[in-house]
>>> print(open('query_8.tsv').read())   # TSV, C-alpha atoms
chain	number	residue	atom	x	y	z
A	1	MET	CA	8.46	-76.95	-14.24
A	2	SER	CA	7.52	-73.84	-16.12
A	3	SER	CA	6.29	-70.34	-15.42
A	4	ILE	CA	2.54	-70.55	-14.77
A	5	LYS	CA	-0.17	-68.08	-13.68
A	6	VAL	CA	-0.89	-68.49	-9.98
A	7	TRP	CA	-2.17	-65.14	-8.64
A	8	ASP	CA	-5.17	-63.75	-10.49
A	9	LEU	CA	-5.31	-60.02	-11.26
A	10	PRO	CA	-7.90	-59.08	-8.57
A	11	THR	CA	-5.68	-60.68	-5.89
A	12	ARG	CA	-2.64	-58.71	-7.11
A	13	PHE	CA	-4.51	-55.42	-7.42
A	14	PHE	CA	-5.93	-55.98	-3.95
A	15	HIS	CA	-2.44	-56.63	-2.58
A	16	TRP	CA	-0.80	-53.51	-3.98
A	17	LEU	CA	-3.79	-51.26	-3.28
A	18	LEU	CA	-3.72	-52.48	0.33
A	19	VAL	CA	0.01	-51.70	0.51
A	20	LEU	CA	-0.64	-48.14	-0.73
A	21	SER	CA	-3.68	-47.54	1.49
A	22	PHE	CA	-2.19	-48.93	4.68
A	23	ALA	CA	1.14	-47.14	4.20
A	24	GLY	CA	-0.70	-43.91	3.41
A	25	ALA	CA	-3.01	-44.25	6.40
A	26	PHE	CA	-0.02	-44.87	8.65
A	27	LEU	CA	1.88	-41.85	7.33
A	28	THR	CA	-1.13	-39.53	7.77
A	29	ALA	CA	-1.98	-40.69	11.30
A	30	GLU	CA	-0.01	-38.14	13.32
A	31	SER	CA	-1.51	-34.83	12.25
A	32	GLU	CA	-5.00	-33.36	12.23
A	33	ARG	CA	-4.04	-31.66	8.97
A	34	ASN	CA	-4.25	-35.01	7.21
A	35	ARG	CA	-7.20	-36.33	9.18
A	36	ASP	CA	-9.57	-36.56	6.20
A	37	LEU	CA	-6.90	-38.23	4.05
A	38	HIS	CA	-6.19	-40.68	6.87
A	39	VAL	CA	-9.88	-41.53	7.20
A	40	LEU	CA	-10.27	-41.96	3.41
A	41	LEU	CA	-7.30	-44.33	3.23
A	42	GLY	CA	-8.51	-46.22	6.31
A	43	TYR	CA	-11.93	-46.75	4.74
A	44	THR	CA	-10.16	-47.93	1.59
A	45	VAL	CA	-8.30	-50.52	3.69
A	46	LEU	CA	-11.63	-51.63	5.14
A	47	GLY	CA	-13.31	-51.89	1.72
A	48	LEU	CA	-10.36	-53.75	0.22
A	49	ILE	CA	-10.40	-56.31	3.04
A	50	VAL	CA	-14.15	-56.89	2.65
A	51	PHE	CA	-13.46	-57.52	-1.04
A	52	ARG	CA	-10.63	-59.94	-0.19
A	53	LEU	CA	-12.81	-61.86	2.27
A	54	LEU	CA	-15.39	-62.39	-0.50
A	55	TRP	CA	-12.65	-63.22	-3.00
A	56	GLY	CA	-11.31	-65.78	-0.53
A	57	LEU	CA	-14.63	-67.59	-0.87
A	58	ILE	CA	-15.36	-67.29	-4.59
A	59	GLY	CA	-12.00	-66.34	-6.15
A	60	SER	CA	-9.68	-68.47	-8.23
A	61	ARG	CA	-7.88	-71.51	-6.86
A	62	TYR	CA	-4.93	-70.02	-4.91
A	63	ALA	CA	-6.86	-66.97	-3.75
A	64	ARG	CA	-9.37	-69.10	-1.84
A	65	PHE	CA	-8.97	-69.51	1.92
A	66	TYR	CA	-9.79	-73.17	1.42
A	67	SER	CA	-6.55	-73.58	-0.54
A	68	PHE	CA	-4.17	-72.08	2.03
A	69	VAL	CA	-5.67	-71.63	5.52
A	70	CYS	CA	-4.37	-74.53	7.60
A	71	SER	CA	-4.14	-75.75	11.19
A	72	PRO	CA	-1.38	-74.57	13.58
A	73	LYS	CA	0.00	-78.12	13.48
A	74	VAL	CA	0.64	-77.85	9.74
A	75	VAL	CA	2.31	-74.46	10.26
A	76	VAL	CA	4.68	-75.77	12.94
A	77	LEU	CA	5.48	-78.81	10.82
A	78	TYR	CA	6.23	-76.55	7.83
A	79	LEU	CA	8.53	-74.31	9.90
A	80	CYS	CA	10.41	-77.36	11.25
A	81	GLN	CA	10.87	-78.69	7.73
A	82	LEU	CA	11.97	-75.24	6.60
A	83	ILE	CA	14.76	-75.17	9.21
A	84	GLN	CA	15.87	-78.64	8.13
A	85	LYS	CA	15.71	-77.48	4.50
A	86	GLN	CA	13.27	-80.27	3.68
A	87	ALA	CA	10.18	-78.14	3.12
A	88	GLN	CA	8.04	-78.58	0.04
A	89	HIS	CA	7.20	-75.20	-1.44
A	90	PRO	CA	3.55	-75.10	-2.43
A	91	VAL	CA	2.58	-73.28	-5.62
A	92	GLY	CA	0.19	-71.03	-3.68
A	93	HIS	CA	0.73	-69.57	-0.19
A	94	ASN	CA	2.91	-71.62	2.15
A	95	PRO	CA	1.52	-72.40	5.65
A	96	ALA	CA	3.64	-69.72	7.38
A	97	GLY	CA	2.53	-67.13	4.85
A	98	ALA	CA	-1.06	-68.22	5.39
A	99	VAL	CA	-0.88	-67.37	9.11
A	100	VAL	CA	0.46	-63.92	8.31
A	101	ILE	CA	-2.24	-63.31	5.70
A	102	VAL	CA	-5.03	-64.27	8.11
A	103	LEU	CA	-3.49	-62.02	10.78
A	104	LEU	CA	-3.19	-59.10	8.34
A	105	LEU	CA	-6.81	-59.47	7.23
A	106	LEU	CA	-8.06	-59.61	10.84
A	107	LEU	CA	-5.87	-56.71	12.03
A	108	GLY	CA	-6.79	-54.63	8.97
A	109	LEU	CA	-10.46	-55.26	9.68
A	110	GLY	CA	-9.97	-54.36	13.37
A	111	SER	CA	-7.96	-51.26	12.54
A	112	GLY	CA	-10.51	-50.03	10.00
A	113	LEU	CA	-13.56	-50.73	12.17
A	114	SER	CA	-12.05	-49.20	15.31
A	115	GLY	CA	-10.90	-46.19	13.27
A	116	TRP	CA	-14.40	-45.73	11.93
A	117	ALA	CA	-15.81	-45.91	15.49
A	118	VAL	CA	-13.28	-43.31	16.68
A	119	TYR	CA	-14.06	-40.96	13.78
A	120	GLU	CA	-17.81	-41.25	14.31
A	121	ASP	CA	-17.41	-40.75	18.08
A	122	ILE	CA	-18.97	-44.12	18.86
A	123	GLY	CA	-17.79	-45.55	22.15
A	124	ALA	CA	-15.30	-44.42	24.73
A	125	ASP	CA	-11.67	-43.26	24.86
A	126	TRP	CA	-10.36	-46.82	25.00
A	127	LEU	CA	-11.36	-47.24	21.36
A	128	THR	CA	-8.68	-44.73	20.36
A	129	GLU	CA	-6.09	-46.71	22.29
A	130	TRP	CA	-7.23	-49.93	20.62
A	131	HIS	CA	-7.16	-48.31	17.19
A	132	GLU	CA	-3.52	-47.37	17.72
A	133	LEU	CA	-2.63	-50.75	19.23
A	134	ILE	CA	-4.23	-52.75	16.41
A	135	SER	CA	-2.67	-50.55	13.72
A	136	ASN	CA	0.80	-50.82	15.27
A	137	ALA	CA	0.35	-54.59	15.55
A	138	MET	CA	-0.54	-54.62	11.86
A	139	LEU	CA	2.66	-52.74	11.01
A	140	VAL	CA	4.64	-55.35	12.95
A	141	VAL	CA	2.93	-58.18	11.04
A	142	VAL	CA	3.61	-56.33	7.76
A	143	CYS	CA	7.33	-56.34	8.66
A	144	ILE	CA	7.14	-60.07	9.47
A	145	HIS	CA	5.38	-60.62	6.13
A	146	ILE	CA	8.09	-58.76	4.18
A	147	THR	CA	10.86	-60.62	6.05
A	148	GLY	CA	9.11	-63.92	5.40
A	149	VAL	CA	8.76	-63.18	1.69
A	150	VAL	CA	12.44	-62.22	1.36
A	151	VAL	CA	13.60	-65.30	3.30
A	152	SER	CA	11.26	-67.61	1.35
A	153	SER	CA	12.43	-66.11	-1.95
A	154	TYR	CA	16.02	-66.90	-0.96
A	155	LEU	CA	15.24	-70.42	0.31
A	156	GLN	CA	13.27	-71.51	-2.73
A	157	GLY	CA	15.29	-69.54	-5.26
A	158	GLU	CA	12.26	-67.75	-6.65
A	159	ASN	CA	11.44	-64.02	-6.57
A	160	LEU	CA	8.13	-63.99	-4.72
A	161	ILE	CA	7.78	-60.20	-4.83
A	162	ALA	CA	7.95	-60.31	-8.63
A	163	ALA	CA	5.37	-63.12	-8.51
A	164	MET	CA	2.91	-60.77	-6.78
A	165	VAL	CA	3.47	-58.33	-9.68
A	166	THR	CA	3.34	-60.72	-12.65
A	167	GLY	CA	1.14	-63.38	-11.05
A	168	LYS	CA	3.55	-66.04	-12.31
A	169	LYS	CA	5.39	-68.71	-10.34
A	170	LEU	CA	7.20	-71.93	-11.13
A	171	GLY	CA	4.96	-74.98	-11.35
A	172	HIS	CA	3.44	-77.61	-13.56
A	173	VAL	CA	1.20	-76.49	-16.39
A	174	ASN	CA	-1.79	-78.32	-14.89
A	175	GLN	CA	-1.41	-76.28	-11.67
A	176	ALA	CA	-2.06	-72.95	-13.42
A	177	ILE	CA	-5.27	-71.02	-12.83
A	178	ALA	CA	-7.61	-70.97	-15.78
A	179	SER	CA	-8.42	-67.25	-15.80
A	180	ASN	CA	-6.84	-64.00	-14.67
A	181	VAL	CA	-10.35	-62.55	-13.99
A	182	ALA	CA	-8.95	-59.28	-15.35
A	183	SER	CA	-12.31	-57.52	-15.79
A	184	LEU	CA	-13.09	-57.76	-12.05
A	185	ALA	CA	-9.60	-56.45	-11.22
A	186	TRP	CA	-10.07	-53.37	-13.40
A	187	LEU	CA	-13.50	-52.84	-11.84
A	188	LEU	CA	-11.90	-52.97	-8.37
A	189	LEU	CA	-9.23	-50.47	-9.43
A	190	ALA	CA	-11.83	-48.19	-11.00
A	191	VAL	CA	-13.96	-48.24	-7.82
A	192	VAL	CA	-10.97	-47.42	-5.58
A	193	ILE	CA	-9.62	-44.65	-7.83
A	194	GLY	CA	-13.16	-43.33	-8.28
A	195	LEU	CA	-13.59	-43.18	-4.49
A	196	TRP	CA	-10.25	-41.40	-4.09
A	197	ILE	CA	-11.04	-38.79	-6.74
A	198	TRP	CA	-14.54	-38.25	-5.41
A	199	ALA	CA	-13.48	-37.92	-1.77
A	200	TRP	CA	-9.81	-36.88	-2.02
A	201	PRO	CA	-9.35	-33.89	0.29
A	202	ALA	CA	-7.12	-32.05	-2.16
A	203	SER	CA	-9.86	-32.17	-4.82
A	204	LYS	CA	-11.51	-29.35	-2.89
A	205	ASP	CA	-8.52	-27.20	-3.76
A	206	LEU	CA	-8.40	-28.20	-7.40
A	207	ASN	CA	-10.21	-25.08	-8.59
A	208	TRP	CA	-6.89	-23.68	-9.80
A	209	LEU	CA	-6.76	-26.58	-12.26
A	210	LEU	CA	-10.19	-25.67	-13.64
A	211	HIS	CA	-9.09	-22.06	-13.95
A	212	THR	CA	-5.98	-23.11	-15.82
A	213	PHE	CA	-8.05	-25.16	-18.25
A	214	SER	CA	-10.60	-22.41	-18.81
A	215	TRP	CA	-7.74	-19.99	-19.47
A	216	TRP	CA	-6.48	-22.28	-22.25
B	1	MET	CA	-11.16	-56.18	61.59
B	2	LYS	CA	-14.87	-56.48	61.44
B	3	PRO	CA	-16.41	-57.75	58.18
B	4	PHE	CA	-18.04	-54.36	57.71
B	5	THR	CA	-14.69	-52.57	57.88
B	6	ILE	CA	-13.12	-55.04	55.46
B	7	GLY	CA	-16.02	-54.64	53.06
B	8	PHE	CA	-15.73	-50.86	53.31
B	9	LEU	CA	-12.00	-50.93	52.55
B	10	ILE	CA	-12.56	-53.23	49.58
B	11	LEU	CA	-15.20	-50.84	48.25
B	12	ILE	CA	-12.79	-47.91	48.55
B	13	ALA	CA	-10.08	-49.92	46.80
B	14	ILE	CA	-12.44	-50.71	43.91
B	15	ALA	CA	-13.78	-47.17	43.68
B	16	GLN	CA	-10.34	-45.51	43.72
B	17	PRO	CA	-9.46	-46.04	40.04
B	18	LEU	CA	-12.99	-45.05	39.08
B	19	ARG	CA	-12.59	-41.64	40.70
B	20	ALA	CA	-12.14	-39.32	37.77
B	21	GLU	CA	-9.30	-36.85	37.98
B	22	GLN	CA	-10.29	-33.22	38.28
B	23	PRO	CA	-8.93	-30.29	36.26
B	24	GLN	CA	-7.24	-29.15	39.50
B	25	ASP	CA	-5.25	-32.41	39.62
B	26	ILE	CA	-4.04	-31.81	36.09
B	27	ILE	CA	-3.16	-28.17	36.88
B	28	LEU	CA	-1.18	-29.44	39.88
B	29	SER	CA	0.88	-31.89	37.85
B	30	HIS	CA	1.67	-29.14	35.32
B	31	THR	CA	2.65	-26.82	38.19
B	32	LEU	CA	5.16	-29.39	39.44
B	33	GLN	CA	6.57	-29.82	35.94
B	34	ALA	CA	6.73	-26.05	35.30
B	35	LYS	CA	8.62	-25.53	38.58
B	36	GLN	CA	11.07	-28.19	37.53
B	37	ASP	CA	11.52	-26.58	34.09
B	38	ASN	CA	11.91	-23.06	35.44
B	39	ALA	CA	13.01	-22.11	38.97
B	40	ALA	CA	11.48	-18.63	38.50
B	41	PHE	CA	8.02	-20.08	37.73
B	42	LEU	CA	5.35	-17.62	38.93
B	43	GLY	CA	2.15	-19.60	38.35
B	44	PHE	CA	-0.34	-19.88	35.53
B	45	ASP	CA	-2.27	-17.02	34.02
B	46	ALA	CA	-5.67	-17.18	32.28
B	47	ILE	CA	-5.02	-14.07	30.17
B	48	ARG	CA	-1.69	-15.42	28.91
B	49	GLY	CA	-3.45	-18.72	28.22
B	50	GLU	CA	-6.12	-16.93	26.20
B	51	GLN	CA	-3.50	-15.10	24.14
B	52	PHE	CA	-1.67	-18.35	23.52
B	53	PHE	CA	-4.92	-20.09	22.58
B	54	LYS	CA	-5.95	-17.44	20.06
B	55	SER	CA	-2.67	-16.69	18.32
B	56	GLN	CA	-0.55	-18.44	15.71
B	57	HIS	CA	2.95	-19.58	16.60
B	58	ASN	CA	6.30	-20.10	14.89
B	59	GLY	CA	4.98	-18.93	11.53
B	60	GLY	CA	2.23	-21.59	11.47
B	61	ASP	CA	-1.17	-20.93	9.94
B	62	TRP	CA	-3.20	-22.56	12.75
B	63	SER	CA	-4.00	-21.51	16.29
B	64	CYS	CA	-5.90	-23.56	18.90
B	65	ALA	CA	-8.88	-21.38	18.00
B	66	SER	CA	-8.72	-22.53	14.35
B	67	CYS	CA	-10.71	-25.58	15.42
B	68	HIS	CA	-11.88	-24.79	18.96
B	69	THR	CA	-12.97	-21.26	17.90
B	70	ASP	CA	-12.51	-17.99	19.79
B	71	ASN	CA	-15.19	-19.20	22.20
B	72	PRO	CA	-14.03	-22.52	23.68
B	73	ALA	CA	-17.17	-22.62	25.85
B	74	ALA	CA	-19.11	-23.42	22.67
B	75	ALA	CA	-18.71	-26.34	20.27
B	76	GLY	CA	-15.75	-26.15	17.89
B	77	LEU	CA	-15.47	-27.12	14.23
B	78	HIS	CA	-12.56	-29.19	12.85
B	79	THR	CA	-11.15	-26.94	10.14
B	80	VAL	CA	-10.21	-29.90	7.92
B	81	THR	CA	-12.97	-32.48	8.44
B	82	LYS	CA	-15.70	-29.97	9.37
B	83	LYS	CA	-16.75	-32.25	12.22
B	84	GLU	CA	-18.09	-30.75	15.43
B	85	ILE	CA	-15.74	-30.72	18.44
B	86	GLU	CA	-17.26	-30.71	21.92
B	87	PRO	CA	-16.70	-27.53	24.00
B	88	MET	CA	-13.33	-27.29	25.81
B	89	ALA	CA	-14.46	-25.34	28.91
B	90	PRO	CA	-15.09	-27.67	31.88
B	91	SER	CA	-17.96	-25.41	33.00
B	92	VAL	CA	-19.87	-26.44	29.86
B	93	ASN	CA	-18.33	-29.86	29.29
B	94	PRO	CA	-17.43	-31.44	32.67
B	95	ALA	CA	-15.71	-34.39	30.98
B	96	ARG	CA	-12.83	-32.10	29.91
B	97	PHE	CA	-9.50	-32.38	31.84
B	98	THR	CA	-10.52	-35.42	33.84
B	99	ASN	CA	-8.06	-37.89	32.30
B	100	THR	CA	-4.34	-37.05	32.35
B	101	SER	CA	-3.28	-39.42	29.59
B	102	LYS	CA	-6.02	-38.14	27.28
B	103	VAL	CA	-5.07	-34.52	28.02
B	104	GLU	CA	-1.38	-35.16	27.37
B	105	LYS	CA	-2.07	-37.17	24.23
B	106	TRP	CA	-4.14	-34.37	22.68
B	107	PHE	CA	-1.75	-31.59	23.76
B	108	LYS	CA	1.10	-33.52	22.13
B	109	ARG	CA	-0.82	-34.12	18.91
B	110	ASN	CA	-2.32	-30.64	18.59
B	111	CYS	CA	0.76	-28.70	19.69
B	112	LYS	CA	2.68	-30.35	16.85
B	113	ASP	CA	0.01	-29.15	14.42
B	114	VAL	CA	-0.10	-25.60	15.79
B	115	LEU	CA	3.47	-24.91	17.05
B	116	ASN	CA	5.48	-27.57	15.23
B	117	ARG	CA	6.79	-28.67	18.63
B	118	GLU	CA	5.47	-29.94	21.95
B	119	CYS	CA	4.05	-27.41	24.41
B	120	THR	CA	5.79	-26.58	27.67
B	121	ALA	CA	4.14	-27.21	31.04
B	122	GLN	CA	3.85	-23.41	31.42
B	123	GLU	CA	1.92	-23.11	28.13
B	124	LYS	CA	-0.33	-26.05	28.87
B	125	GLY	CA	-1.05	-24.84	32.41
B	126	ASP	CA	-1.87	-21.33	31.13
B	127	VAL	CA	-4.31	-22.74	28.56
B	128	ILE	CA	-6.04	-25.05	31.05
B	129	THR	CA	-6.29	-22.14	33.51
B	130	TYR	CA	-7.86	-20.01	30.76
B	131	LEU	CA	-10.36	-22.74	29.84
B	132	MET	CA	-11.25	-23.27	33.52
B	133	SER	CA	-11.89	-19.53	33.92
B	134	LEU	CA	-14.65	-19.57	31.29
B	135	ASN	CA	-18.23	-19.57	32.50
B	136	ARG	CA	-21.15	-20.97	30.60
>>> encode(input="query_8.tsv", output="structure tokens")
Amino acid sequence: MSSIKVWDLPTRFFHWLLVLSFAGAFLTAESERNRDLHVLLGYTVLGLIVFRLLWGLIGSRYARFYSFVCSPKVVVLYLCQLIQKQAQHPVGHNPAGAVVIVLLLLLGLGSGLSGWAVYEDIGADWLTEWHELISNAMLVVVCIHITGVVVSSYLQGENLIAAMVTGKKLGHVNQAIASNVASLAWLLLAVVIGLWIWAWPASKDLNWLLHTFSWW
Amino acid sequence: MKPFTIGFLILIAIAQPLRAEQPQDIILSHTLQAKQDNAAFLGFDAIRGEQFFKSQHNGGDWSCASCHTDNPAAAGLHTVTKKEIEPMAPSVNPARFTNTSKVEKWFKRNCKDVLNRECTAQEKGDVITYLMSLNR
């Protein structure tokens, strides 16, 4: 066993950008003062998930849905083995984690689409209720995800949070992914940051910055 | 009972939840709450509601009129997103104040933005009375 590359860079950038966007969208949900920021972050969530769905089809080995999405039977079996401390820890996502990931992608998609419909005044009042319900459900699943990661880290003696930062986990050399696909990851980051700068509400009030520069 | 009577009762039962609430119903529920809050409650007042609607509170920089404008019988403009807001006056927009949970949800959300606290039943009743007094 050695430290091998498992999560490619686009998958990691997606993960942490989704964390930022969803947390930001949640924190800006309560006030009309932050409405445009909330909408911008919500659309970012939506765009990120569309990217992840594509990456789940054409991405590197452990990022593909094919490599981790499994039947409920496999999930139950895995959980039983986990309780009996007999579970095999896969190099990629484990079956319980896979369920949570699928749920997060679906809820994120639902939250983003319903939010868009609310903002564009498409449909009736119940859409607002659904937007809140789906988003709260997503927060609950996020908490389950974090708990699961902490528990799994403890059970298998491996820091899984660090793995989502470095991309490295314990495994055999022949299990490593061939490429980090770094160029696509930087492109993703550039697109997201570009969108934020272009549409960031505060950028409207950045004239003082221009004035400061012209003064220099 | 005759089949006709039964059918009629079933129709009424189905139609009951579909009956939209009226602004008067919402005024009434706020009246009951205001009486509970304050034994000396004297009723709602359109002029007080208008003043409340058009002024800033607790040192805040927004009033209701910041988005709904000084003429709530016309369309408003969200001061942050610049999106149009449908008129608030029921005379122009009959859909207003026909759904208690929607009314309460928006009062709660917007009062926090304008007053930094929730509105009292007195304040809400005054504002609804003001909006109901507006003609097209």
>>> interface_residues(input="query_8.tsv", of="chain B", to="chain A", cutoff="9 Å", atoms="only C-alpha atoms", output="number ranges by chain")
B: 78-81, 102, 109-110, 112-113
>>> atom_distance(input="query_8.tsv", atom1="CA of Ser71 in chain A", atom2="CA of Gly112 in chain A")
26.5 Å
>>> residues_around(input="query_8.tsv", residues="Met88 in chain B", least_positions_apart="5", cutoff="8 Å", atoms="all atoms listed in the file", output="list in words")
His68, Pro72, Ala73, Ala74, Ala75, Asn93, Arg96 and Leu131 of chain B
>>> atom_distance(input="query_8.tsv", atom1="CA of Ser179 in chain A", atom2="CA of Leu109 in chain A")
28.2 Å
>>> residues_around(input="query_8.tsv", residues="range 21-32 of chain B", least_positions_apart="6", cutoff="6 Å", atoms="only C-alpha atoms", output="ChimeraX atom specification")
/B:97-99,121,125
>>> closest_residue(input="query_8.tsv", among="B:Arg48, B:Lys124, B:Lys82, B:Lys35", to="Phe107 in chain B", atoms="all atoms listed in the file")
B:Lys124
>>> atom_distance(input="query_8.tsv", atom1="CA of Trp200 in chain A", atom2="CA of Val19 in chain A")
18.0 Å
>>> axis_aligned_box(input="query_8.tsv", around="range 155-165 of chain A", padding_each_side="4 Å", output="AutoDock Vina command-line options")
--center_x 9.1 --center_y -64.9 --center_z -4.7 --size_x 20.4 --size_y 21.2 --size_z 18.0
>>> residues_near_point(input="query_8.tsv", point="(-7.9, -22.9, 17.8)", cutoff="10 Å", atoms="all atoms listed in the file", output="number ranges by chain")
B: 52-56, 62-72, 76-79, 110, 114
>>> residues_around(input="query_8.tsv", residues="Met1 in chain A", least_positions_apart="6", cutoff="7 Å", atoms="all atoms listed in the file", output="list in words")
Leu170, Gly171 and His172 of chain A
>>> residues_around(input="query_8.tsv", residues="Ala185 in chain A", least_positions_apart="6", cutoff="10 Å", atoms="all atoms listed in the file", output="NGL selection string")
:A and (8-14 or 191)
>>> closest_residue(input="query_8.tsv", among="A:Leu40, A:Leu160, A:Ile134, A:Leu77", to="Ser111 in chain A", atoms="all atoms listed in the file")
A:Ile134
>>> decode(input="query_8.tsv", residues="range 73-152 of chain A", atoms="C-alpha atoms", output="PDB file, in the first residue's frame")
ATOM      1  CA  LYS A  73     -28.654  -4.172  -1.759  1.00  0.00           C
ATOM      2  CA  VAL A  74     -24.922  -3.434  -1.982  1.00  0.00           C
ATOM      3  CA  VAL A  75     -25.377  -0.404   0.287  1.00  0.00           C
ATOM      4  CA  VAL A  76     -27.209  -2.386   2.975  1.00  0.00           C
ATOM      5  CA  LEU A  77     -24.620  -5.161   2.753  1.00  0.00           C
ATOM      6  CA  TYR A  78     -21.813  -2.602   3.136  1.00  0.00           C
ATOM      7  CA  LEU A  79     -23.468  -1.008   6.188  1.00  0.00           C
ATOM      8  CA  CYS A  80     -23.938  -4.439   7.810  1.00  0.00           C
ATOM      9  CA  GLN A  81     -20.296  -5.275   7.212  1.00  0.00           C
ATOM     10  CA  LEU A  82     -19.316  -1.868   8.559  1.00  0.00           C
ATOM     11  CA  ILE A  83     -21.118  -2.545  11.856  1.00  0.00           C
ATOM     12  CA  GLN A  84     -19.411  -5.938  12.101  1.00  0.00           C
ATOM     13  CA  LYS A  85     -16.095  -4.237  11.278  1.00  0.00           C
ATOM     14  CA  GLN A  86     -15.615  -6.533   8.297  1.00  0.00           C
ATOM     15  CA  ALA A  87     -16.102  -3.967   5.551  1.00  0.00           C
ATOM     16  CA  GLN A  88     -13.638  -3.667   2.706  1.00  0.00           C
ATOM     17  CA  HIS A  89     -12.814  -0.023   2.092  1.00  0.00           C
ATOM     18  CA  PRO A  90     -12.802   0.696  -1.615  1.00  0.00           C
ATOM     19  CA  VAL A  91     -10.190   3.074  -3.007  1.00  0.00           C
ATOM     20  CA  GLY A  92     -12.918   5.298  -4.476  1.00  0.00           C
ATOM     21  CA  HIS A  93     -16.295   6.147  -2.903  1.00  0.00           C
ATOM     22  CA  ASN A  94     -17.755   3.509  -0.593  1.00  0.00           C
ATOM     23  CA  PRO A  95     -21.383   2.400  -1.225  1.00  0.00           C
ATOM     24  CA  ALA A  96     -22.803   4.498   1.651  1.00  0.00           C
ATOM     25  CA  GLY A  97     -20.950   7.553   0.408  1.00  0.00           C
ATOM     26  CA  ALA A  98     -22.261   6.874  -3.081  1.00  0.00           C
ATOM     27  CA  VAL A  99     -25.880   7.131  -1.901  1.00  0.00           C
ATOM     28  CA  VAL A 100     -25.155  10.458  -0.240  1.00  0.00           C
ATOM     29  CA  ILE A 101     -23.404  11.791  -3.351  1.00  0.00           C
ATOM     30  CA  VAL A 102     -26.326  10.853  -5.606  1.00  0.00           C
ATOM     31  CA  LEU A 103     -28.746  12.464  -3.136  1.00  0.00           C
ATOM     32  CA  LEU A 104     -26.648  15.654  -2.952  1.00  0.00           C
ATOM     33  CA  LEU A 105     -26.472  15.920  -6.743  1.00  0.00           C
ATOM     34  CA  LEU A 106     -30.242  15.411  -7.117  1.00  0.00           C
ATOM     35  CA  LEU A 107     -31.145  17.790  -4.267  1.00  0.00           C
ATOM     36  CA  GLY A 108     -28.677  20.402  -5.537  1.00  0.00           C
ATOM     37  CA  LEU A 109     -30.225  20.159  -8.984  1.00  0.00           C
ATOM     38  CA  GLY A 110     -33.740  20.431  -7.501  1.00  0.00           C
ATOM     39  CA  SER A 111     -32.777  23.335  -5.272  1.00  0.00           C
ATOM     40  CA  GLY A 112     -31.128  25.240  -8.116  1.00  0.00           C
ATOM     41  CA  LEU A 113     -33.908  24.630 -10.636  1.00  0.00           C
ATOM     42  CA  SER A 114     -36.718  25.468  -8.200  1.00  0.00           C
ATOM     43  CA  GLY A 115     -34.803  28.572  -7.098  1.00  0.00           C
ATOM     44  CA  TRP A 116     -34.454  29.669 -10.689  1.00  0.00           C
ATOM     45  CA  ALA A 117     -38.210  29.155 -11.231  1.00  0.00           C
ATOM     46  CA  VAL A 118     -39.001  31.202  -8.101  1.00  0.00           C
ATOM     47  CA  TYR A 119     -36.680  34.028  -9.153  1.00  0.00           C
ATOM     48  CA  GLU A 120     -38.106  34.153 -12.671  1.00  0.00           C
ATOM     49  CA  ASP A 121     -41.686  34.030 -11.324  1.00  0.00           C
ATOM     50  CA  ILE A 122     -42.455  30.816 -13.175  1.00  0.00           C
ATOM     51  CA  GLY A 123     -45.156  28.771 -11.501  1.00  0.00           C
ATOM     52  CA  ALA A 124     -47.123  29.173  -8.324  1.00  0.00           C
ATOM     53  CA  ASP A 125     -46.450  29.831  -4.632  1.00  0.00           C
ATOM     54  CA  TRP A 126     -45.856  26.145  -3.915  1.00  0.00           C
ATOM     55  CA  LEU A 127     -42.570  26.402  -5.798  1.00  0.00           C
ATOM     56  CA  THR A 128     -41.203  28.670  -3.061  1.00  0.00           C
ATOM     57  CA  GLU A 129     -42.179  26.102  -0.441  1.00  0.00           C
ATOM     58  CA  TRP A 130     -40.508  23.344  -2.452  1.00  0.00           C
ATOM     59  CA  HIS A 131     -37.371  25.431  -2.929  1.00  0.00           C
ATOM     60  CA  GLU A 132     -37.053  25.800   0.838  1.00  0.00           C
ATOM     61  CA  LEU A 133     -37.903  22.153   1.503  1.00  0.00           C
ATOM     62  CA  ILE A 134     -35.383  20.813  -1.027  1.00  0.00           C
ATOM     63  CA  SER A 135     -32.642  23.175   0.190  1.00  0.00           C
ATOM     64  CA  ASN A 136     -33.217  22.226   3.840  1.00  0.00           C
ATOM     65  CA  ALA A 137     -33.176  18.551   2.868  1.00  0.00           C
ATOM     66  CA  MET A 138     -29.857  19.185   1.137  1.00  0.00           C
ATOM     67  CA  LEU A 139     -28.435  20.736   4.313  1.00  0.00           C
ATOM     68  CA  VAL A 140     -29.502  17.631   6.244  1.00  0.00           C
ATOM     69  CA  VAL A 141     -27.786  15.368   3.697  1.00  0.00           C
ATOM     70  CA  VAL A 142     -24.669  17.576   3.870  1.00  0.00           C
ATOM     71  CA  CYS A 143     -24.584  16.958   7.645  1.00  0.00           C
ATOM     72  CA  ILE A 144     -24.993  13.206   7.058  1.00  0.00           C
ATOM     73  CA  HIS A 145     -22.179  13.387   4.489  1.00  0.00           C
ATOM     74  CA  ILE A 146     -19.817  15.147   6.934  1.00  0.00           C
ATOM     75  CA  THR A 147     -20.703  12.694   9.722  1.00  0.00           C
ATOM     76  CA  GLY A 148     -20.159   9.775   7.364  1.00  0.00           C
ATOM     77  CA  VAL A 149     -16.763  11.097   6.271  1.00  0.00           C
ATOM     78  CA  VAL A 150     -15.619  11.608   9.876  1.00  0.00           C
ATOM     79  CA  VAL A 151     -16.841   8.152  10.947  1.00  0.00           C
ATOM     80  CA  SER A 152     -15.300   6.480   7.873  1.00  0.00           C
TER      81      SER A 152
END
